[in-house]
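Asks: Structure below; questions to follow.
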Number of protein chains: 2
Amino acid sequence: MVKLEEAIGSIETCSSTDELKHALQDIIEDFGFSSFNMLDAGNPHVDVPYYIGTTPENWVQTYISNGFVHVDPCVTRVRRSNAPFSWDEVEVPRYDGSGRKSGACKVMEAAHDHGFTEGFVVPFHYTDPLGRVFSSSSAFYWTDPVKKYRFLLSRKRYDLHLIMIYWAQRAIDIIAEQHRNRQGLLETQADPRTAVALTDRERDALSWAARGKTVADTADILFISQATVETHLRHAIAKLNASNKTHAVVKAIYLGLIDV
Amino acid sequence: MVKLEEAIGSIETCSSTDELKHALQDIIEDFGFSSFNMLDAGNPHVDVPYYIGTTPENWVQTYISNGFVHVDPCVTRVRRSNAPFSWDEVEVPRYDGSGRKSGACKVMEAAHDHGFTEGFVVPFHYTDPLGRVFSSSSAFYWTDPVKKYRFLLSRKRYDLHLIMIYWAQRAIDIIAEQHRNRQGLLETQADPRTAVALTDRERDALSWAARGKTVADTADILFISQATVETHLRHAIAKLNASNKTHAVVKAIYLGLIDV
DNA sequence: CTTAAACTCCCGATTTTTCGGGACTGGTGC
DNA sequence: GCACCAGTCCCGAAAAATCGGGAGTTTAAG
């Protein structure tokens, strides 16, 4: 069995994505997995995010052509957590027997149809030297009996987590280097930490908007005229570089400017 | 020596920040460190960021009253990297004997004056249940001879890294929970009975609304008519028991139904 | 005292959202 | 085949938000 230090060492000496791919494939085969992939999970709106891995081509094609990235419950979970998890820990809306299946349901069924009995997913949220934030979802695919998987995981969960962190880090570093001049391959999240200073009233107006109040409601609550509330909202939208009230509220929440 | 699994296990059973503090203190003392602290490094403009740890009170006071958080080279490095590092790996602008000392220089000297001979710093970039990105800086303080530190680090670097990740995560979860209870305005993860089930298209429509798109924009993006998008939005608003689009988007984000 | 910024209010025109209906198609399991 | 539901599309009217102006008051800092 691979030693942790050796595995990480072999990763850190890689200088191309191809080397990295093979290095990780060797490591995970040793653990019993059949293949892996890592994808850029930081941009929910992108149809085909950056991808690297060793999963079979027909699975990749299925995944892309069905737009699974938008409904994959694993990717969704990755965006809001930092701890690794198995597929069986993911809640998939149970199909209640009537009507159409949800997308999440289809993804998991499709994975099973491709022979994947289980999977181990590692989220990694990463900051690059420019301060840009990335989120990646790495998945190890299992094709053997699930029982063996459970046993392995109970013993090697942390090793896998750590290996994947160092691997993802190395991967992103290499990719960033290769595509320093090219845009759009690994898109960054929109400046999450640029300080925007809202005034008290702008924050008030946005907060009440976030709670579902109309301008008229808010005017009553704050005891000012509708015109004033509109002005505050307009200023807030401009400051946040948002395109409308809804957008501004979302941005303000993500920037920690308002609580709901 | 502590076993990794045991250490992480002891962390994951903690249910208060106080318990957590003592649990980690026990672990790191076993490694040979004297104390630790973790601080929120994600907001460079904040003078006194959230802090938790066991370092002596007079060090904390020195750190705060001198505004060290703005010049600490370790914190700066944490913001743009993901790998743990030792203090001696941090580049401090060498004092050339003339003019003023740089702030970074002062921080490191002050640490030394307080008896800290070395330190191990672990960056951790993570997302909260809303998908917002944060950064934390965790530091282990060493007061014994540096030689012993080097030996320890060469063998236990990865263990320390992993322990700190799980510790920081637990700390964040507990803090978030406390915050939620204090505010308690919006329900977060609902129990299965009241769980809202959006269809794929309803989620699409809401997601694009959250990104600032109008109904017309969304119709173009999803390649369907405006009427359909309106229908999806109306259904989503009704299901979420929201009063308008903005409210629905906020609720959906808090419930983990959409990603932005 | 001056200046800047926050806060307040108004107008009118346009765009967008909201609401309550109805109606057809196609996938799904029973 | 049937029932159910997701998904699609349409109508029309009312409500709300958006935009680009302008303009007065208060407050705190230089």
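Going by the structure tokens order, chains are called A, B, ..., each with residues numbered from 1, while ligands are numbered from 1 in the order shown.
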Would you pick out the contacts of Val75 in chain B at 9 Å or less, using only C-alpha atoms (C1' of nucleotides), so that residues sharing its chain but fewer than 2 positions from it are not included, and give the list as a PyMOL selection string?
Replies: chain B and resi 41+69-73+77-79+121+123+136-137
Asks: Over all C-alpha atoms, paired in order, superpose chain A onto chain B by least squares and report how large the RMSD is in Å.
Replies: 8.3 Å
Asks: Hey, list the chain B side of the contact with chain C: 10 Å cut-off, only C-alpha atoms (C1' of nucleotides), answer as a list in words.
Replies: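 The answer, sorted by residue number, is Thr214, Val215, Ala216, Glu230, Arg234, Ser243, Asn244 and Lys245 of chain B.
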Asks: Those same residues - N, CA and C atoms - I'd like them written as a PDB file, in the first residue's frame.
Replies:
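Listing of result-v1.pdb after writing:
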ATOM      1  N   THR B 214     -32.938  39.056 -16.314  1.00  0.00           N
ATOM      2  CA  THR B 214     -34.384  39.287 -16.393  1.00  0.00           C
ATOM      3  C   THR B 214     -35.034  38.040 -16.993  1.00  0.00           C
ATOM      4  N   VAL B 215     -36.347  38.045 -17.008  1.00  0.00           N
ATOM      5  CA  VAL B 215     -37.069  36.924 -17.598  1.00  0.00           C
ATOM      6  C   VAL B 215     -36.677  36.763 -19.068  1.00  0.00           C
ATOM      7  N   ALA B 216     -36.548  37.878 -19.765  1.00  0.00           N
ATOM      8  CA  ALA B 216     -36.191  37.821 -21.187  1.00  0.00           C
ATOM      9  C   ALA B 216     -34.802  37.210 -21.370  1.00  0.00           C
ATOM     10  N   GLU B 230     -41.578  32.679 -16.881  1.00  0.00           N
ATOM     11  CA  GLU B 230     -42.481  33.282 -15.895  1.00  0.00           C
ATOM     12  C   GLU B 230     -43.234  32.214 -15.106  1.00  0.00           C
ATOM     13  N   ARG B 234     -43.038  31.655 -11.157  1.00  0.00           N
ATOM     14  CA  ARG B 234     -44.240  31.741 -10.345  1.00  0.00           C
ATOM     15  C   ARG B 234     -44.386  30.504  -9.464  1.00  0.00           C
ATOM     16  N   SER B 243     -42.512  36.141  -1.342  1.00  0.00           N
ATOM     17  CA  SER B 243     -43.426  37.172  -1.806  1.00  0.00           C
ATOM     18  C   SER B 243     -43.043  37.754  -3.155  1.00  0.00           C
ATOM     19  N   ASN B 244     -41.861  37.495  -3.605  1.00  0.00           N
ATOM     20  CA  ASN B 244     -41.481  37.896  -4.966  1.00  0.00           C
ATOM     21  C   ASN B 244     -40.184  37.196  -5.366  1.00  0.00           C
ATOM     22  N   LYS B 245     -39.692  37.548  -6.539  1.00  0.00           N
ATOM     23  CA  LYS B 245     -38.522  36.872  -7.101  1.00  0.00           C
ATOM     24  C   LYS B 245     -37.322  36.995  -6.174  1.00  0.00           C
TER      25      LYS B 245
END
Asks: With only C-alpha atoms (C1' of nucleotides) considered, list every residue of chain D at most 12 Å from chain B, as an mmCIF file with N, CA, C and O atoms (P, O5', C5', C4', C3', O3' and C1' of nucleotides), in the first residue's frame.
Replies:
data_model
loop_
_atom_site.group_PDB
_atom_site.id
_atom_site.type_symbol
_atom_site.label_atom_id
_atom_site.label_comp_id
_atom_site.auth_asym_id
_atom_site.auth_seq_id
_atom_site.Cartn_x
_atom_site.Cartn_y
_atom_site.Cartn_z
ATOM 1 P P DC D 5 -49.244 14.681 -9.282
ATOM 2 O "O5'" DC D 5 -47.956 15.305 -9.962
ATOM 3 C "C5'" DC D 5 -46.805 14.479 -10.191
ATOM 4 C "C4'" DC D 5 -46.024 15.021 -11.359
ATOM 5 C "C3'" DC D 5 -45.871 16.560 -11.347
ATOM 6 O "O3'" DC D 5 -44.508 16.852 -11.539
ATOM 7 C "C1'" DC D 5 -46.519 15.800 -13.472
ATOM 8 P P DA D 6 -43.909 18.198 -10.942
ATOM 9 O "O5'" DA D 6 -42.744 18.473 -11.984
ATOM 10 C "C5'" DA D 6 -41.913 17.385 -12.397
ATOM 11 C "C4'" DA D 6 -41.441 17.631 -13.811
ATOM 12 C "C3'" DA D 6 -40.963 19.059 -14.069
ATOM 13 O "O3'" DA D 6 -39.764 19.005 -14.818
ATOM 14 C "C1'" DA D 6 -42.695 18.488 -15.590
ATOM 15 P P DG D 7 -38.962 20.342 -15.073
ATOM 16 O "O5'" DG D 7 -39.524 20.817 -16.479
ATOM 17 C "C5'" DG D 7 -39.415 19.956 -17.595
ATOM 18 C "C4'" DG D 7 -40.233 20.510 -18.729
ATOM 19 C "C3'" DG D 7 -40.037 22.007 -18.984
ATOM 20 O "O3'" DG D 7 -39.369 22.184 -20.217
ATOM 21 C "C1'" DG D 7 -42.311 21.344 -19.153
ATOM 22 P P DT D 8 -38.888 23.664 -20.619
ATOM 23 O "O5'" DT D 8 -40.075 24.177 -21.550
ATOM 24 C "C5'" DT D 8 -40.394 23.489 -22.735
ATOM 25 C "C4'" DT D 8 -41.770 23.877 -23.219
ATOM 26 C "C3'" DT D 8 -41.999 25.358 -23.428
ATOM 27 O "O3'" DT D 8 -41.587 25.733 -24.734
ATOM 28 C "C1'" DT D 8 -43.940 24.220 -22.576
ATOM 29 P P DC D 9 -41.435 27.260 -25.125
ATOM 30 O "O5'" DC D 9 -42.932 27.797 -25.149
ATOM 31 C "C5'" DC D 9 -43.802 27.400 -26.194
ATOM 32 C "C4'" DC D 9 -45.193 27.931 -25.927
ATOM 33 C "C3'" DC D 9 -45.294 29.451 -25.834
ATOM 34 O "O3'" DC D 9 -45.749 29.977 -27.065
ATOM 35 C "C1'" DC D 9 -46.724 28.294 -24.269
ATOM 36 P P DC D 10 -45.749 31.556 -27.290
ATOM 37 O "O5'" DC D 10 -47.214 31.996 -26.805
ATOM 38 C "C5'" DC D 10 -48.360 31.322 -27.324
ATOM 39 C "C4'" DC D 10 -49.616 31.820 -26.621
ATOM 40 C "C3'" DC D 10 -49.617 33.325 -26.356
ATOM 41 O "O3'" DC D 10 -50.503 33.981 -27.260
ATOM 42 C "C1'" DC D 10 -50.444 32.047 -24.476
ATOM 43 P P DC D 11 -50.530 35.621 -27.278
ATOM 44 O "O5'" DC D 11 -51.638 35.962 -26.182
ATOM 45 C "C5'" DC D 11 -52.920 35.322 -26.252
ATOM 46 C "C4'" DC D 11 -53.821 35.903 -25.187
ATOM 47 C "C3'" DC D 11 -53.621 37.400 -24.983
ATOM 48 O "O3'" DC D 11 -54.835 38.091 -25.226
ATOM 49 C "C1'" DC D 11 -53.499 36.208 -22.889
ATOM 50 P P DA D 15 -53.462 47.271 -8.880
ATOM 51 O "O5'" DA D 15 -51.935 46.891 -8.609
ATOM 52 C "C5'" DA D 15 -51.599 45.535 -8.339
ATOM 53 C "C4'" DA D 15 -50.086 45.397 -8.324
ATOM 54 C "C3'" DA D 15 -49.362 46.478 -7.526
ATOM 55 O "O3'" DA D 15 -48.513 45.818 -6.605
ATOM 56 C "C1'" DA D 15 -48.402 46.260 -9.691
ATOM 57 P P DA D 16 -47.680 46.691 -5.522
ATOM 58 O "O5'" DA D 16 -46.233 46.665 -6.172
ATOM 59 C "C5'" DA D 16 -45.713 45.433 -6.658
ATOM 60 C "C4'" DA D 16 -44.437 45.688 -7.414
ATOM 61 C "C3'" DA D 16 -43.498 46.695 -6.743
ATOM 62 O "O3'" DA D 16 -42.326 46.013 -6.348
ATOM 63 C "C1'" DA D 16 -43.708 47.085 -9.104
ATOM 64 P P DA D 17 -41.030 46.761 -5.841
ATOM 65 O "O5'" DA D 17 -40.220 46.936 -7.197
ATOM 66 C "C5'" DA D 17 -39.992 45.810 -8.016
ATOM 67 C "C4'" DA D 17 -39.159 46.199 -9.226
ATOM 68 C "C3'" DA D 17 -37.878 46.964 -8.902
ATOM 69 O "O3'" DA D 17 -36.853 46.414 -9.716
ATOM 70 C "C1'" DA D 17 -39.172 48.207 -10.428
#
Asks: Select all residues from chain A having any atom no more than 9 Å from an atom of chain B (counting only C-alpha atoms, ignoring ligands), output as an MDAnalysis selection string.
Replies: chainID A and resid 4:5 43:45 70:71 76:77 79:83 93 102:104 124:133 158 161:162 166 169 192:193 195 209:214 242:251 253:256 259:260
Asks: Enumerate the residues of range 80-177 of chain A with a DSSP assignment of alpha helix (DSSP H), computed from the backbone, and present them as a ChimeraX atom specification.
Replies: /A:103-113,146-177
Asks: Can you tell me, as number ranges by chain, which residues in range 44-155 of chain A count as strand (DSSP E) by DSSP?
Replies: A: 51-53, 85-86, 118-127, 133-142
Asks: Expressed in Å to a single decimal, how great is the separation between CA of Trp167 in chain A and CA of Asp40 in chain A?
Replies: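 Spanning CA of Trp167 in chain A to CA of Asp40 in chain A is a straight-line distance of 13.8 Å.
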